[in-house]
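S.K.: Dropping the structure in here first, questions after.
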Amino acid sequence: MRCSGCAAENAPDRRFCSECGARLVSICPSCRFENQPSAKFCGGCGARLTGAAAPAVIQAGPESYTPKPLAERILRSRGALEGERKQVTVLFADIKASMELIQGADPEDARRILDPTIETMMRAVHRYEGTVNKVLGDGIMALFGAPIAHEDHAVRACYAALAMRNALGEISEKTRRDLGLEVQVRTGLHSGEVVVRTIGNDLTMDYDAIGQTTHLASRMEQLALPGSIRITADTLRLAEGLVQVRPLGPIPVKGLVQPIEVFELIGAAAVRSRLQASAVAGFTRFVGREREMDALNGALERAGAGLGQVVAVVGEPGVGKSRLYYEFIHSHRTRDWLVLESGSVSHGKATAYLPLIDLLKNYFQIENADDARRIREKVTGKLLTLDETLRPTLPAFQALLDVPVEDSIWLDSDPAQRRRRTLDACRALLLREAQVRPTIVVFEDLHWMDSESLAFIDGLIESLPKAPILLLLNFRPEFQDRWSSKSYYMRVRIDPLQAKGSEELLQDKLGADVSLRALKQLLIERTEGNPFFLEESARTLIESGALDGGRGNYRLVAPITAIALPVTVQSVLAARIDRLGPEDKRLLQSASVIGKDFSLGLLSEIADADVDTVQRGLANLQAAEFIYETRLFPDAEYTFKHALTHDVTYGGLLAERRQLLHANIVEAIERLHADRLTEHVDRLAYHATRGAVWEKAHRFGAQAGRKAVGQSANRAALEAFQGALAALDRLPETPQAIAPKTSISASNCATRTLC
């Protein structure tokens, strides 16, 4: 009998492969029941098997279950792949004790168990662009890194295994409820080298494993307990820092002289990527900011001495406000400081406390998947460990983080009291934490910040003089700050680069070829030293074919009679957007309506294209550096490279298309988050208003207002209620509309009084 794992031939009476140790079974082609290798008739349905060596692999080839975009990429590049050595991570996953699980079950019930389980495994693999090389009777074998190469193949394999486990938990619950059976999957991973030899038209891949690559992955699976994931040290070494593991110590493996270190994969690490999204693609050289860095270092020294400081960096879009803070907080000077970062988004003013909530989630290490109980545990544990006297502040944090509050004093408080307690609690937390460790707090893009978060910043600034806290803010010139009278407040203006800094930036990006001398001078003059203008203008020339070479080593290859350089960043980005193919441009526009940050799931729901086209388009946009991938697990997330890229893309849409997309987003959010709509009422109201879905704009706006009232965010509540009333005015005058209008008007008046 041929082993489905390593293809070795085995004697008919063997139950385990003599080459790799995998279990040998004969799968019934009718009901997929597992039989002993020597069985002639199926024990599940009685059908005649094809002999003692009945196939243990589903007869359908890889082309039947490989997603179309992945299949096209494999076939398109197979000529270059064949005959290459590839570093890969091999994943084995199977249903533990599947034969015992479906013993005596009706064939249809057996399929109801096995089919969705196998399909879920494959979806998890394909989600991270792995290749399902073999589908076994009760499991799969997958490769990450071949035939499609990935530098982070080990990370993708780990994320796929975790996604598989999470998804199969739902299936297990359903089979337990419907059939009284427990479905548990065990998974093993190992990283090593393979040689890809040929790839057929049906995507079948002929490869040779070098050393023990496949064998060790299979052994990890066999050693894993039901519901667990085991990985080797080789895999952990490639994914270290991005995954959480539990060491199991050295374990003997048949065929190896020395035991190998084995780890249990617990989950994904808290960090989204190895670097922030803007750093993933690689920064240009950081130049020309010595004065600004000196100012920040001076403020850091004073704050470290217990004299709290506030620094506000002010500048036009593209001059490098965020880059300055990135370099500063990642310098050796801040090594002993606690750094807490948050920022605002263009539509953030509609959501009360949004930047503050983001800051708290980072501090308490709250994940998107955490339920109310888990959030309560994290907040309570960390807060009381810091200081037991902070216990009275728990209700405020629970309310901010959408955890039900059971405190009677909080529930009996009026909105003004709750607002005051909320602001005081957040301020007390940071001040107490700073007594343990000097703290840097970063709030970016104040010009987009909601009023309640600004109120918190006002209160924190008042409390800073005797606290070892450095508060870093940045905003555009149109934002009116109100702290200039404070002796510990410093406003730093960041301007475009001087000629020397611009030259150094272009030297790093383009190189020093003599043919570039006049071009560099022209670029500096036309962009006025704005770093973003410089970078994008240089990229435009590269993409046009006027420059040839690589990073830091370009040369001019075409005469330049006229340069379509931008007077403003908007013209640069608009020109780049227009050069996209029609499908890619349409996809980028759809993403811009969602916001600067967007998920694959939501974009797939609203894009006027099938999932295959969406995935292909996102890959093109990433290659063109319009967007960056910021997260792989649990759902792929992306961000526009620059906020202005998003603004220009969104602004280029006709009003009718924007309105339609906003309306589609409302429906998509309702589908995707049907059981958690309360968490998304602000976004729903925002998109419903801009989508002219007036009934929903009214309903969600009113809910957002009541939610803001519950959080004592009176200004936000007022804006939400006003939006709800404006939406109601768009609806026909009916008796059904009068009552809610009266109710909201009353709430509006009450909220206005509190404000």
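Each chain in the structure tokens gets a letter, A, B and so on, in the order shown; residues start at 1 in every chain, and ligands are counted from 1 in the order they appear.
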Find the spatial neighbours of A:Gln615, counting only C-alpha atoms, within a cut-off of 9 Å - ignore same-chain residues fewer than 5 positions away - and output them as a PyMOL selection string.
M.R.: chain A and resi 69+600+604+610+620
S.K.: Name the residues of stretch 457-598 of chain A that fall into strand (DSSP E or B) according to DSSP on the backbone, using the chain letters and numbers of this document, as a PyMOL selection string.
M.R.: chain A and resi 469-475+489-493+547-550+553-556+597-598
S.K.: Give me the residues near A:Leu296 as a PyMOL selection string, where near means some atom within 12 Å (using only C-alpha atoms) and where sequence neighbours in that chain fewer than 3 positions away do not count.
M.R.: chain A and resi 289-293+299-303+309-313+324-329+331+333-334+440+470-473+489-492
S.K.: With only C-alpha atoms as the counted atoms, please give the residues lying no more than 9 Å from stretch 417-432 of chain A, apart from itself and same-chain residues fewer than 2 positions off, as a short mmCIF file (atom, residue, chain, number, x, y, z; two decimals) with C-alpha atoms, in the first residue's frame.
M.R.:
```cif
data_model
loop_
_atom_site.label_atom_id
_atom_site.label_comp_id
_atom_site.auth_asym_id
_atom_site.auth_seq_id
_atom_site.Cartn_x
_atom_site.Cartn_y
_atom_site.Cartn_z
CA LEU A 356 -8.44 56.91 24.22
CA LEU A 360 -6.41 51.56 26.73
CA LEU A 383 -5.30 47.60 37.27
CA LEU A 386 -0.70 48.26 39.62
CA ASP A 387 -2.50 49.73 42.62
CA LEU A 390 -7.54 52.20 41.68
CA PRO A 392 -13.08 52.54 42.14
CA THR A 393 -12.02 53.36 38.58
CA LEU A 394 -12.93 49.90 37.23
CA PRO A 395 -16.51 50.82 36.18
CA ALA A 396 -15.23 53.68 34.02
CA PHE A 397 -12.82 51.42 32.13
CA ALA A 399 -17.92 51.23 30.26
CA LEU A 400 -15.33 52.56 27.83
CA TRP A 410 -21.85 54.01 38.55
CA LEU A 411 -25.30 52.99 37.35
CA SER A 413 -24.66 58.38 38.47
CA ASP A 414 -25.87 61.03 36.07
CA PRO A 415 -24.10 61.51 32.70
CA ALA A 434 4.35 56.79 35.49
CA GLN A 435 5.34 56.42 39.15
CA VAL A 436 6.43 52.87 38.37
CA THR A 439 5.96 57.03 30.39
CA VAL A 441 2.12 58.93 25.65
CA GLU A 452 -14.08 63.82 24.61
CA SER A 453 -10.56 62.60 23.84
CA ALA A 455 -11.03 66.86 26.96
CA PHE A 456 -8.94 64.01 28.37
CA ILE A 457 -5.78 65.56 26.91
CA GLY A 459 -7.05 67.22 31.91
CA LEU A 460 -3.84 65.22 31.53
CA SER A 463 -1.75 67.15 35.85
CA LEU A 464 1.67 66.85 34.18
CA ALA A 467 4.78 63.61 36.73
CA PRO A 468 7.49 61.76 34.75
CA ILE A 469 5.35 61.78 31.60
CA GLY A 710 -24.00 56.13 28.48
CA GLN A 711 -20.30 56.98 28.22
CA SER A 712 -20.96 60.57 29.32
CA ALA A 713 -19.69 61.80 25.97
CA ASN A 714 -22.21 64.59 25.73
#
```
S.K.: Tell me which protein, DNA and RNA residues are within 9 Å of A:Glu535, counting only C-alpha atoms, leaving out same-chain ones fewer than 6 positions away, and put them as a list of chain:residue names.
M.R.: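 Neighbouring residues, sequence-local ones excluded: A:Thr284, A:Leu505, A:Leu506, A:Lys509.
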S.K.: Per residue of stretch 517-608 of chain A within 6 Å of stretch 633-656 of chain A, note the shortest atom pair and the distance in Å to one decimal, counting only C-alpha atoms, and order the rows by chain and increasing residue number, as JSON lines.
M.R.:
```
{"residue": "A:Gln589", "atom": "CA", "partner": "A:Thr649", "partner_atom": "CA", "distance": 5.9}
{"residue": "A:Ser592", "atom": "CA", "partner": "A:Tyr650", "partner_atom": "CA", "distance": 5.3}
{"residue": "A:Lys596", "atom": "CA", "partner": "A:Phe640", "partner_atom": "CA", "distance": 5.6}
{"residue": "A:Asp597", "atom": "CA", "partner": "A:Thr639", "partner_atom": "CA", "distance": 4.4}
{"residue": "A:Phe598", "atom": "CA", "partner": "A:Tyr638", "partner_atom": "CA", "distance": 5.5}
{"residue": "A:Ser599", "atom": "CA", "partner": "A:Glu637", "partner_atom": "CA", "distance": 4.3}
{"residue": "A:Leu600", "atom": "CA", "partner": "A:Ala636", "partner_atom": "CA", "distance": 5.6}
```
S.K.: Rounded to one decimal in Å, what is the spacing between atom CA of A:Ala305 and atom CA of A:Lys321?
M.R.: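 One can read the atom CA of A:Ala305 to atom CA of A:Lys321 distance as 25.6 Å.
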S.K.: DSSP on the backbone: what in stretch 512-727 of chain A comes out alpha helix (DSSP H), as a ChimeraX atom specification?
M.R.: /A:517-527,531-544,569-578,582-594,600-606,611-623,643-651,655-672,681-690,694-710,714-727
S.K.: Between atom CA of A:Leu725 and atom CA of A:His698, what is the distance, to one decimal in Å?
M.R.: 6.7 Å
S.K.: Need the shell around A:Glu240: protein/DNA/RNA residues with any atom at most 12 Å away, counting only C-alpha atoms. Skip same-chain ones fewer than 4 positions apart. Format as a VMD selection string?
M.R.: chain A and resid 152 154 to 155 158 231 to 236 244 to 245 263 265 267 to 269 271 273 to 274
S.K.: Got time to write the residues from that selection, N, CA and C atoms, as a CSV table (one decimal), in the first residue's frame?
M.R.:
```csv
chain,number,residue,atom,x,y,z
A,152,ASP,N,8.0,34.7,4.8
A,152,ASP,CA,7.4,34.5,6.1
A,152,ASP,C,6.6,33.2,6.1
A,154,ALA,N,6.9,30.4,7.6
A,154,ALA,CA,6.6,29.8,8.9
A,154,ALA,C,5.5,30.5,9.6
A,155,VAL,N,5.5,31.8,9.5
A,155,VAL,CA,4.5,32.6,10.2
A,155,VAL,C,3.1,32.3,9.6
A,158,CYS,N,1.9,29.0,10.8
A,158,CYS,CA,1.4,29.1,12.2
A,158,CYS,C,0.1,29.7,12.3
A,231,ILE,N,5.0,22.3,17.0
A,231,ILE,CA,6.0,22.8,16.0
A,231,ILE,C,7.4,22.5,16.5
A,232,THR,N,8.3,22.4,15.6
A,232,THR,CA,9.7,22.2,15.9
A,232,THR,C,10.4,23.5,16.1
A,233,ALA,N,11.6,23.4,16.7
A,233,ALA,CA,12.4,24.6,16.9
A,233,ALA,C,12.8,25.3,15.6
A,234,ASP,N,12.9,24.6,14.5
A,234,ASP,CA,13.2,25.2,13.2
A,234,ASP,C,12.1,26.1,12.8
A,235,THR,N,10.8,25.7,13.0
A,235,THR,CA,9.7,26.6,12.7
A,235,THR,C,9.6,27.8,13.7
A,236,LEU,N,9.8,27.5,14.9
A,236,LEU,CA,9.8,28.6,15.9
A,236,LEU,C,10.8,29.7,15.6
A,244,GLN,N,3.0,32.8,20.1
A,244,GLN,CA,3.2,32.4,21.5
A,244,GLN,C,3.2,30.9,21.5
A,245,VAL,N,4.2,30.4,22.3
A,245,VAL,CA,4.4,28.9,22.4
A,245,VAL,C,4.7,28.5,23.8
A,263,PHE,N,7.6,22.4,20.6
A,263,PHE,CA,6.9,23.5,21.3
A,263,PHE,C,5.4,23.3,20.9
A,265,LEU,N,2.2,25.4,20.0
A,265,LEU,CA,1.7,26.7,19.5
A,265,LEU,C,0.5,27.1,20.2
A,267,GLY,N,-0.8,30.6,20.4
A,267,GLY,CA,-1.6,31.7,19.8
A,267,GLY,C,-0.7,32.6,19.1
A,268,ALA,N,-1.3,33.7,18.5
A,268,ALA,CA,-0.5,34.7,17.8
A,268,ALA,C,-0.1,35.7,18.9
A,269,ALA,N,1.1,36.3,18.6
A,269,ALA,CA,1.6,37.4,19.6
A,269,ALA,C,0.7,38.6,19.4
A,271,VAL,N,1.7,41.6,18.8
A,271,VAL,CA,2.1,42.6,17.7
A,271,VAL,C,1.5,42.2,16.4
A,273,SER,N,2.8,43.1,13.3
A,273,SER,CA,3.8,42.8,12.3
A,273,SER,C,5.1,43.0,13.0
A,274,ARG,N,6.2,42.7,12.3
A,274,ARG,CA,7.5,42.9,12.9
A,274,ARG,C,7.9,44.4,13.0
```
